[in-house]
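J.: Pasting in a structure now, in structure tokens, and then I'll have a few things to ask.
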Amino acid sequence: MRQSYRFIELTIKIAMPIMAIISAFLLCGLMLAAAGYDTLEAYKAIWMGAFGSKTSIALMLNKSAPFILLGVGVAIAFRGSSFNIGAEGQFFAGALGCALSEGILRNFNLPPWLLITLILFSSLVFGGVYGAIPGYLKAKRGSSEVVTSIMLSSVMILFVGYMVNGPIQEPNKLYSETQEIVEAARLPYIWEGTRLHAGILFAIVFALIIYFILEKTTFGYKIKAAGQNRLAAEYGGINPNFITVSTFIISGALSGLAGGIEVLGVSWKLYLSISPGYGYNAIAVALLAQLNPLVIILSGLLFGALNAGCNQMSRMIGVPAALSALLQALVLLFVIAYMPLQSKIEKRLMRESL
Amino acid sequence: MKLEVNGISKSYGNVKANQKISFQLNQGEVLAVLGENGAGKTTLMRIIYGLEVADEGSISIDGKQVQINSPKDSIKLGIGMVHQHFMLAENLTVAENMILGTREKLTELINMKKVNEHIKEIFAEYHMPLDPEQVVGSLPVGLQQRVEIMKALYKGAQILVLDEPTAVLTPMEIRELFQIIKELTKNGKSVIFISHKLDEVMEVSDRILVLRQGKVVGEVKTKDTTKTELIKMMIGRELRALNKGLEFGSLNRKVLLSVDKLCVKGSGGKCIRDVSFQLWNYEILGIAGVDGNGQTELVEAITGLRKVESGDIFINNQKSTNFSVRKIRKMGIAHIPEDRRARGLILTQDLVNNYILENHDSFPFSKGKVLRKKAAIEYAQRLNQDYQVIADSVFVKAETLSGGNQQKVVVAREIEQQPDILIAVKPTRGVDVGAIEYIHSCILNERSKGKGILLVSSELDEIMALSDRILVMYNGEITGCVWADEVTEEDLGAMMTGVKKDFSAIRPKEIFKHETVI
């Protein structure tokens with residue numbers, strides 16, 4: 001009886017996100033049809049846009065990398081019961097760190113591997129420091145991280161806007177962006193004949209590392225303990241404030257790294273539209289994967305595919321690319337809508353299996 | 001008014017909470033419903049009050065079958081309930097609380113002045129020392145309970161259901177409550193008194209209905225039964241006698257924990273002032289007191305969960321004031337917390353993770369910073385077995401266990417820390433009789449191993465049965481330190497309300513005597 005209960009529990013765990021995705025596509029399909037588009041053709045175009053050719057797969061993977069990194073970052077904070085919803089700002093902090101350090105390091109003729117490592121490290125630090133602020137405020141002053149992290153996010157985005165229009169604007173002072181990074185600092189392409197850069201490798205490696213930390217280490221144990229019952233953790237000798245600050249730092253650092261990778265791999269310069277809202281959608285990525293870093297690789301790929309596919313589709317059949325935003329939002333809404341259902345079913349099964 | 005319950009059954013999934021329960025309640029009678037936690041008392045009362053609907057069976061009042069689908073129905077029929085956790089709006093006045101939910105039409109206006117006068121009359125009738133205009137939150141618990149009772153009467157209750165009404169009261173308040181119950185029955189009201197405390201049931205009731213595992217296992221007249229018989233019905237066997245025996249004299253006695261002029265700020269403006277005592281090895285030091293008189297703050301200060309304002313704490317002669325929880329635990333303290341669900345367990349995690357809450361950082365449960373799951377699983381399996389924890393496996397979430405088994409997990413984990421000092425706060429709260437026996441024997445066993453045990457409980461029976469010495473706390477201060485085998489319940493009650501002070505037992509007996517000889 002217990003075996004079957006465990007099996008059913010796992011099935012529900014898998015079935016719920018899949019149902020959320022299907023529901024989102026169904027509802028979105030209805031909306032498309034109501035707006036006078038051919039739903040099937042649009043979905044086919046999205047599929048082709050994401051998986052139709054070598055080029056589109058590479059593009060899809062490039063889009064997935066930031067979703068995975070940010071998703072994992074959001075997840076580790078959520079696991080420690082800190083609702084870091086300011087990943088977007090930490091992403092830009094990292095991107096800014098990347099641009100600043102590249103501006104300095106470009107003159108030293110460093111070998112590419114060292115140059116890239118140093119730049120990405122500074123992205124990590126910028127993101128981490130910026131993430132630490134809401135963590136510290138929550139731990140020491142008890143201020144709600146939901147408010148502080150999202151506010152600080154706006155602060156950073158506005159600050160970057162100022163920087164690319166002022167101190168670090170490109171030399172001609174025409175565009176709101178930094179000058180292009182040197183060739184040595186660009187992330188290498190890893191698939192011949194495409195523009196697939198090494199970012200996706202970073203994303204997968206960090207997802208694995210965070211999974212290992214959460215599931216196999218004492219630090220991960222402490223994060224989960226403090227996240228699920230702060231009082232019990234404190235009673236057991238764990239310092240929940242330390243967990244709050246440290247998970248926020250890790251979360252910010254991963255977001256910052258994503259920002260650095262985006263600049264070094266895709267845009268080659270810093271401007272405000274390098275992110276189509278990665279940091280906000282990362283929350284959906286993390287929740288869809290039920291905060292499991294390994295599953296986040298999959299949900300990150302899904303969101304990457306949606307983004308890349310929808311861009312292609314809009315070019316091909318003229319449905320606005322905003323469709324991807326709609327789809328992502330619907331997925332998130334359905335995930336949240338199904339969550340209480342999931343725990344309700346679980347509870348009932350538990351009672352019946354007792 | 002006469003209440004008849006016929007063949008009530010109620011199941012939750014596969015759990016049969018009530019099975020074909022029938023009983024009668026005559027006018028002017030006190031019927032006690034006795035049973036362990038989980039015997040089905042609460043479910044039965046929720047059905048009578050309309051909070052749950054029975055799967056089968058019927059309820060009649062004065063011979064007429066009635067349908068009770070919600071508390072609204074039951075109140076209309078004259079059934080009132082006083083819940084264990086009061087249903088009062090603390091920021092409203094007594095009168096405002098009493099008229100809550102009595103308005104018939106939305107457009108009806110309320111004349112508070114008239115209401116207050118009316119309620120004053122009712123209070124006078126029942127000799128209640130209550131002021132209708134006082135804010136409920138400012139009343140002591142005993143009086144709040146009376147507001148609950150009066151609220152039910154005001155709504156026309158002829159039958160009053162009291163759910164564990166003595167759990168929150170001092171001995172003095174309990175006696176007053178019994179007095180009120182007597183007065184109620186004299187006026188023709190009937191009372192259902194739910195409890196698991198035998199002494200009280202024997203004292204207050206006319207008849208007793210005993211439930212076990214959802215079934216009626218006995219219905220007796222109180223004057224025709226004994227406590228032993230009731231226990232047998234309640235748990236299906238006789239209670240094993242508590243063996244406290246311990247050879248004194250040759251023991252090497254020393255102070256394990258010393259608290260010196262401790263002052264701690266509590267929540268809500270309360271605090272503890274100038275608390276000093278010593279805990280020795282081979283002894284159980286009980287801390288008695290009504291809940292909320294500083295016991296929680298004291299324990300939290302000793303265990304590092306709360307900041308000490310002034311004064312000092314010494315563990316094994318080493319100062320531990322304001323050390324971190326972790327450091328204090330390392331110095332030899334284990335702690336069974338007051339609320340296992342809030343502090344003691346991470347309910348959403350499995351037993352393995354709960355068992356290693358305090359020592360996941362040390363070998364064999366981790367090496368470097370990497371967890372060694374296998375060692376933890378083996379440890380959890382051993383503890384489940386050694387401490388008779390009933391669970392499907394060590395991988396089930398803690399929340400799926402019954403209260404008694406959850407508590408055993410906490411007790412097992414803390415005792416296995418091999419502490420010098422065990423602080424046990426309400427170690428048997430919400431636990432059935434079988435588990436109580438077991439946990440008590442575990443605690444006594446630790447004492448015979450030479451540990452010092454600080455036992456905090458608001459259940460006087462437990463304190464008196466287990467302790468060697470008893471400290472009494474009232475309003476953040478210590479009002480007594482007495483021998484458990486010499487003090488009477490009345491004296492303890494007096495100290496618990498600050499009426500009396502007695503410090504005759506500040507050191508274990510044989511040391512005390514030894515020194516006085518010299």
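In the structure tokens, the first chain shown is A, the next is B, and so on; residue numbers restart at 1 for each chain, and ligands run from 1 in the order shown.
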Residues of chain B within 8 Å of chain A, counting only C-alpha atoms - could you list those as a ChimeraX atom specification?
T.: /B:12-15,305,324-326,329,342-346,348,357-358,360-361,366,369-372,392,400
J.: Quick one: residues within 12 Å of Lys138 of chain A, only C-alpha atoms counted, chain neighbours fewer than 2 positions away excluded, as a list of chain:residue names?
T.: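 Within the cut-off, the hits are A:Ser81, A:Ser82, A:Phe83, A:Asn84, A:Gly131, A:Ala132, A:Ile133, A:Pro134, A:Gly135, A:Tyr136, A:Lys140, A:Arg141, A:Gly142, A:Ser143, A:Ser144, A:Glu145, A:Val146, A:Val147, A:Thr148, A:Ser149, A:Pro240, A:Asn241, A:Phe242, A:Ile243, A:Thr244, A:Val245, A:Ser246, A:Thr247, A:Phe248.
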J.: Using only C-alpha atoms, which residues sit within 6 Å of segment 437-454 of chain B once same-chain residues fewer than 3 positions away are excluded, as a VMD selection string?
T.: chain B and resid 280 to 286 420 to 423 434
J.: For the selection you just gave me, I'd like the residues written to a file as a CSV table (one decimal), in the first residue's frame, keeping all heavy atoms.
T.:
chain,number,residue,atom,x,y,z
B,280,TRP,N,20.8,19.4,40.1
B,280,TRP,CA,21.9,18.5,40.5
B,280,TRP,C,21.7,17.3,39.6
B,280,TRP,O,20.7,17.0,39.0
B,280,TRP,CB,21.8,18.1,42.0
B,280,TRP,CG,22.1,19.3,42.9
B,280,TRP,CD1,21.3,20.5,42.9
B,280,TRP,CD2,23.1,19.5,43.8
B,280,TRP,NE1,21.9,21.3,43.9
B,280,TRP,CE2,23.0,20.7,44.4
B,280,TRP,CE3,24.2,18.6,44.2
B,280,TRP,CZ2,23.9,21.2,45.4
B,280,TRP,CZ3,25.1,19.1,45.1
B,280,TRP,CH2,24.9,20.4,45.7
B,281,ASN,N,22.8,16.4,39.7
B,281,ASN,CA,22.7,15.2,39.0
B,281,ASN,C,21.8,14.2,39.8
B,281,ASN,O,21.5,14.5,40.9
B,281,ASN,CB,24.1,14.6,38.7
B,281,ASN,CG,24.9,14.3,40.0
B,281,ASN,OD1,24.4,14.7,41.1
B,281,ASN,ND2,26.0,13.7,39.9
B,282,TYR,N,21.4,13.2,39.2
B,282,TYR,CA,20.4,12.2,39.8
B,282,TYR,C,19.2,12.8,40.3
B,282,TYR,O,18.6,12.4,41.3
B,282,TYR,CB,21.1,11.5,40.9
B,282,TYR,CG,22.2,10.5,40.5
B,282,TYR,CD1,23.6,10.9,40.7
B,282,TYR,CD2,22.0,9.3,39.9
B,282,TYR,CE1,24.6,10.1,40.3
B,282,TYR,CE2,23.0,8.5,39.6
B,282,TYR,CZ,24.3,8.9,39.7
B,282,TYR,OH,25.4,8.1,39.4
B,283,GLU,N,18.7,13.9,39.7
B,283,GLU,CA,17.4,14.4,40.2
B,283,GLU,C,16.6,15.0,39.0
B,283,GLU,O,17.1,15.4,38.0
B,283,GLU,CB,17.6,15.5,41.2
B,283,GLU,CG,18.0,16.9,40.7
B,283,GLU,CD,17.8,18.0,41.7
B,283,GLU,OE1,17.1,17.8,42.7
B,283,GLU,OE2,18.3,19.1,41.5
B,284,ILE,N,15.3,14.9,39.3
B,284,ILE,CA,14.3,15.6,38.4
B,284,ILE,C,13.8,16.8,39.1
B,284,ILE,O,13.2,16.7,40.2
B,284,ILE,CB,13.2,14.6,38.0
B,284,ILE,CG1,13.7,13.4,37.3
B,284,ILE,CG2,12.1,15.4,37.2
B,284,ILE,CD1,12.7,12.4,36.9
B,285,LEU,N,14.0,17.9,38.5
B,285,LEU,CA,13.5,19.2,39.1
B,285,LEU,C,12.3,19.6,38.3
B,285,LEU,O,12.5,20.0,37.1
B,285,LEU,CB,14.7,20.2,39.1
B,285,LEU,CG,14.3,21.6,39.7
B,285,LEU,CD1,13.9,21.5,41.1
B,285,LEU,CD2,15.5,22.6,39.5
B,286,GLY,N,11.2,19.6,38.9
B,286,GLY,CA,10.0,20.0,38.2
B,286,GLY,C,9.8,21.5,38.3
B,286,GLY,O,10.1,22.1,39.3
B,420,ASP,N,24.1,15.8,29.7
B,420,ASP,CA,24.2,15.8,31.1
B,420,ASP,C,22.9,16.3,31.7
B,420,ASP,O,22.4,15.9,32.7
B,420,ASP,CB,25.3,16.7,31.6
B,420,ASP,CG,26.7,16.1,31.2
B,420,ASP,OD1,26.8,14.9,31.0
B,420,ASP,OD2,27.6,17.0,31.0
B,421,ILE,N,22.3,17.2,30.9
B,421,ILE,CA,21.1,17.9,31.4
B,421,ILE,C,20.0,17.7,30.3
B,421,ILE,O,20.2,18.0,29.2
B,421,ILE,CB,21.3,19.4,31.6
B,421,ILE,CG1,22.4,19.6,32.6
B,421,ILE,CG2,20.0,20.1,32.0
B,421,ILE,CD1,23.1,20.9,32.5
B,422,LEU,N,18.8,17.2,30.7
B,422,LEU,CA,17.7,17.1,29.8
B,422,LEU,C,16.6,18.1,30.2
B,422,LEU,O,16.2,18.0,31.4
B,422,LEU,CB,17.2,15.7,29.8
B,422,LEU,CG,16.0,15.4,28.9
B,422,LEU,CD1,16.3,15.6,27.5
B,422,LEU,CD2,15.4,14.0,29.1
B,423,ILE,N,16.3,19.0,29.4
B,423,ILE,CA,15.2,19.9,29.7
B,423,ILE,C,14.0,19.4,28.9
B,423,ILE,O,14.0,19.4,27.7
B,423,ILE,CB,15.5,21.3,29.2
B,423,ILE,CG1,16.8,21.8,30.0
B,423,ILE,CG2,14.4,22.3,29.5
B,423,ILE,CD1,17.2,23.2,29.6
B,434,GLY,N,-0.5,5.3,26.7
B,434,GLY,CA,0.6,4.3,26.5
B,434,GLY,C,1.9,5.0,26.3
B,434,GLY,O,2.9,4.7,26.9
J.: Any idea what's packed within 12 Å of Ala308 of chain A, counting only C-alpha atoms, ignoring anything in its chain fewer than 5 positions away? Could you give it as a PyMOL selection string?
T.: chain A and resi 45-52+55-64+276+301-303+313-315+321-325
J.: Just N, CA, C and O atoms for this one: save the residues we selected as a compact mmCIF listing (two decimals), in the first residue's frame.
T.:
# COMPACT_ATOMS: atom_id res chain seq x y z
N ALA A 45 4.82 26.45 -36.04
CA ALA A 45 5.89 27.41 -36.30
C ALA A 45 6.77 27.59 -35.07
O ALA A 45 7.99 27.72 -35.17
N ILE A 46 6.15 27.56 -33.88
CA ILE A 46 6.96 27.66 -32.66
C ILE A 46 7.89 26.47 -32.56
O ILE A 46 9.09 26.58 -32.28
N TRP A 47 7.34 25.29 -32.81
CA TRP A 47 8.15 24.07 -32.75
C TRP A 47 9.31 24.16 -33.73
O TRP A 47 10.45 23.88 -33.35
N MET A 48 9.00 24.56 -34.96
CA MET A 48 10.05 24.66 -35.96
C MET A 48 11.08 25.72 -35.55
O MET A 48 12.28 25.54 -35.73
N GLY A 49 10.59 26.77 -34.97
CA GLY A 49 11.47 27.86 -34.56
C GLY A 49 12.43 27.42 -33.47
O GLY A 49 13.54 27.94 -33.35
N ALA A 50 12.02 26.47 -32.67
CA ALA A 50 12.87 26.03 -31.58
C ALA A 50 13.71 24.82 -31.95
O ALA A 50 14.85 24.69 -31.51
N PHE A 51 13.14 23.91 -32.75
CA PHE A 51 13.83 22.65 -33.00
C PHE A 51 13.99 22.32 -34.48
O PHE A 51 14.47 21.26 -34.83
N GLY A 52 13.58 23.25 -35.36
CA GLY A 52 13.50 22.94 -36.78
C GLY A 52 14.84 22.78 -37.48
O GLY A 52 14.94 22.04 -38.45
N THR A 55 20.47 25.74 -36.56
CA THR A 55 20.53 27.14 -36.11
C THR A 55 19.51 27.41 -35.01
O THR A 55 19.81 28.04 -33.99
N SER A 56 18.29 26.89 -35.25
CA SER A 56 17.25 27.21 -34.26
C SER A 56 17.50 26.48 -32.94
O SER A 56 17.22 27.02 -31.87
N ILE A 57 18.04 25.26 -33.01
CA ILE A 57 18.36 24.56 -31.76
C ILE A 57 19.41 25.34 -30.98
O ILE A 57 19.32 25.53 -29.76
N ALA A 58 20.44 25.82 -31.71
CA ALA A 58 21.50 26.60 -31.05
C ALA A 58 20.91 27.85 -30.38
O ALA A 58 21.23 28.17 -29.23
N LEU A 59 20.02 28.49 -31.10
CA LEU A 59 19.40 29.70 -30.58
C LEU A 59 18.58 29.38 -29.33
O LEU A 59 18.62 30.09 -28.32
N MET A 60 17.86 28.26 -29.42
CA MET A 60 17.03 27.83 -28.29
C MET A 60 17.90 27.57 -27.06
O MET A 60 17.58 28.00 -25.96
N LEU A 61 19.03 26.88 -27.27
CA LEU A 61 19.91 26.57 -26.14
C LEU A 61 20.50 27.85 -25.56
O LEU A 61 20.63 28.00 -24.34
N ASN A 62 20.88 28.78 -26.42
CA ASN A 62 21.41 30.06 -25.93
C ASN A 62 20.39 30.79 -25.07
O ASN A 62 20.73 31.40 -24.05
N LYS A 63 19.12 30.70 -25.49
CA LYS A 63 18.06 31.35 -24.70
C LYS A 63 17.83 30.63 -23.38
O LYS A 63 17.43 31.24 -22.38
N SER A 64 18.07 29.32 -23.39
CA SER A 64 17.78 28.52 -22.19
C SER A 64 18.78 28.79 -21.07
O SER A 64 18.43 28.71 -19.89
N PRO A 276 14.82 39.99 -21.87
CA PRO A 276 13.38 40.13 -22.11
C PRO A 276 12.59 39.81 -20.84
O PRO A 276 11.48 39.29 -20.93
N LEU A 301 14.89 24.77 -20.38
CA LEU A 301 14.89 24.48 -21.82
C LEU A 301 13.52 24.80 -22.42
O LEU A 301 13.43 25.34 -23.53
N LEU A 302 12.47 24.46 -21.70
CA LEU A 302 11.12 24.75 -22.19
C LEU A 302 10.94 26.25 -22.42
O LEU A 302 10.46 26.69 -23.48
N PHE A 303 11.37 27.03 -21.43
CA PHE A 303 11.19 28.47 -21.57
C PHE A 303 12.09 29.04 -22.66
O PHE A 303 11.70 29.96 -23.38
N MET A 313 8.48 32.30 -34.96
CA MET A 313 7.11 32.21 -35.44
C MET A 313 6.59 33.57 -35.90
O MET A 313 5.94 33.70 -36.94
N SER A 314 6.89 34.59 -35.08
CA SER A 314 6.34 35.90 -35.43
C SER A 314 6.94 36.38 -36.75
O SER A 314 6.28 37.04 -37.54
N ARG A 315 8.19 36.01 -36.98
CA ARG A 315 8.80 36.37 -38.25
C ARG A 315 8.15 35.60 -39.41
O ARG A 315 7.95 36.11 -40.48
N ALA A 321 5.19 38.26 -31.30
CA ALA A 321 6.07 37.46 -30.44
C ALA A 321 5.68 37.56 -28.99
O ALA A 321 6.12 36.77 -28.16
N ALA A 322 4.83 38.53 -28.66
CA ALA A 322 4.34 38.65 -27.29
C ALA A 322 3.63 37.37 -26.86
O ALA A 322 3.40 37.14 -25.68
N LEU A 323 3.29 36.54 -27.85
CA LEU A 323 2.68 35.26 -27.55
C LEU A 323 3.51 34.47 -26.55
O LEU A 323 2.98 33.78 -25.68
N SER A 324 4.85 34.58 -26.67
CA SER A 324 5.68 33.80 -25.74
C SER A 324 5.49 34.30 -24.32
O SER A 324 5.42 33.51 -23.38
N ALA A 325 5.36 35.61 -24.17
CA ALA A 325 5.12 36.14 -22.83
C ALA A 325 3.79 35.63 -22.29
O ALA A 325 3.67 35.24 -21.13
J.: At what distance in Å, to one decimal, does atom CA of Ile478 of chain B lie from atom CA of Ala167 of chain B?
T.: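 Going from atom CA of Ala167 of chain B over to atom CA of Ile478 of chain B covers 22.0 Å.
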J.: Considering only C-alpha atoms, can you say which of A:Ile200, A:Ala329, A:Ala77, A:Ala35 comes closest to Gly304 of chain A?
T.: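 Ranking A:Ile200, A:Ala329, A:Ala77, A:Ala35 by distance to Gly304 of chain A, first place goes to A:Ile200.
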J.: Find the distance between atom CA of Arg106 of chain A and atom CA of Gly127 of chain A and write it in Å to one decimal.
T.: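 According to the coordinates, atom CA of Arg106 of chain A and atom CA of Gly127 of chain A are separated by 21.0 Å.
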J.: Using only C-alpha atoms, which residues sit within 12 Å of Ile68 of chain B once same-chain residues fewer than 6 positions away are excluded, as a list of chain:residue names?
T.: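 Using only C-alpha atoms, the neighbours found are B:Val5, B:Met45, B:Arg46, B:Ile47, B:Ile48, B:Tyr49, B:Gly50, B:Leu51, B:Glu52, B:Val53, B:Ala54, B:Gly57, B:Ser58, B:Ile59, B:Ser60, B:Ile61, B:Ser74, B:Ile75, B:Lys76, B:Leu77, B:Gly78, B:Ile79.
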J.: Enter the distance from atom CA of Lys232 of chain B to atom CA of Glu203 of chain B, in Å, rounded to one decimal.
T.: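 Value for the atom CA of Lys232 of chain B-atom CA of Glu203 of chain B distance: 18.5 Å.
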J.: Looking at only C-alpha atoms, which of A:Tyr271, A:Tyr338, A:Phe202, A:Tyr278 is the one that sits closest to Thr117 of chain A?
T.: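 For Thr117 of chain A, the nearest of the given residues is A:Phe202.
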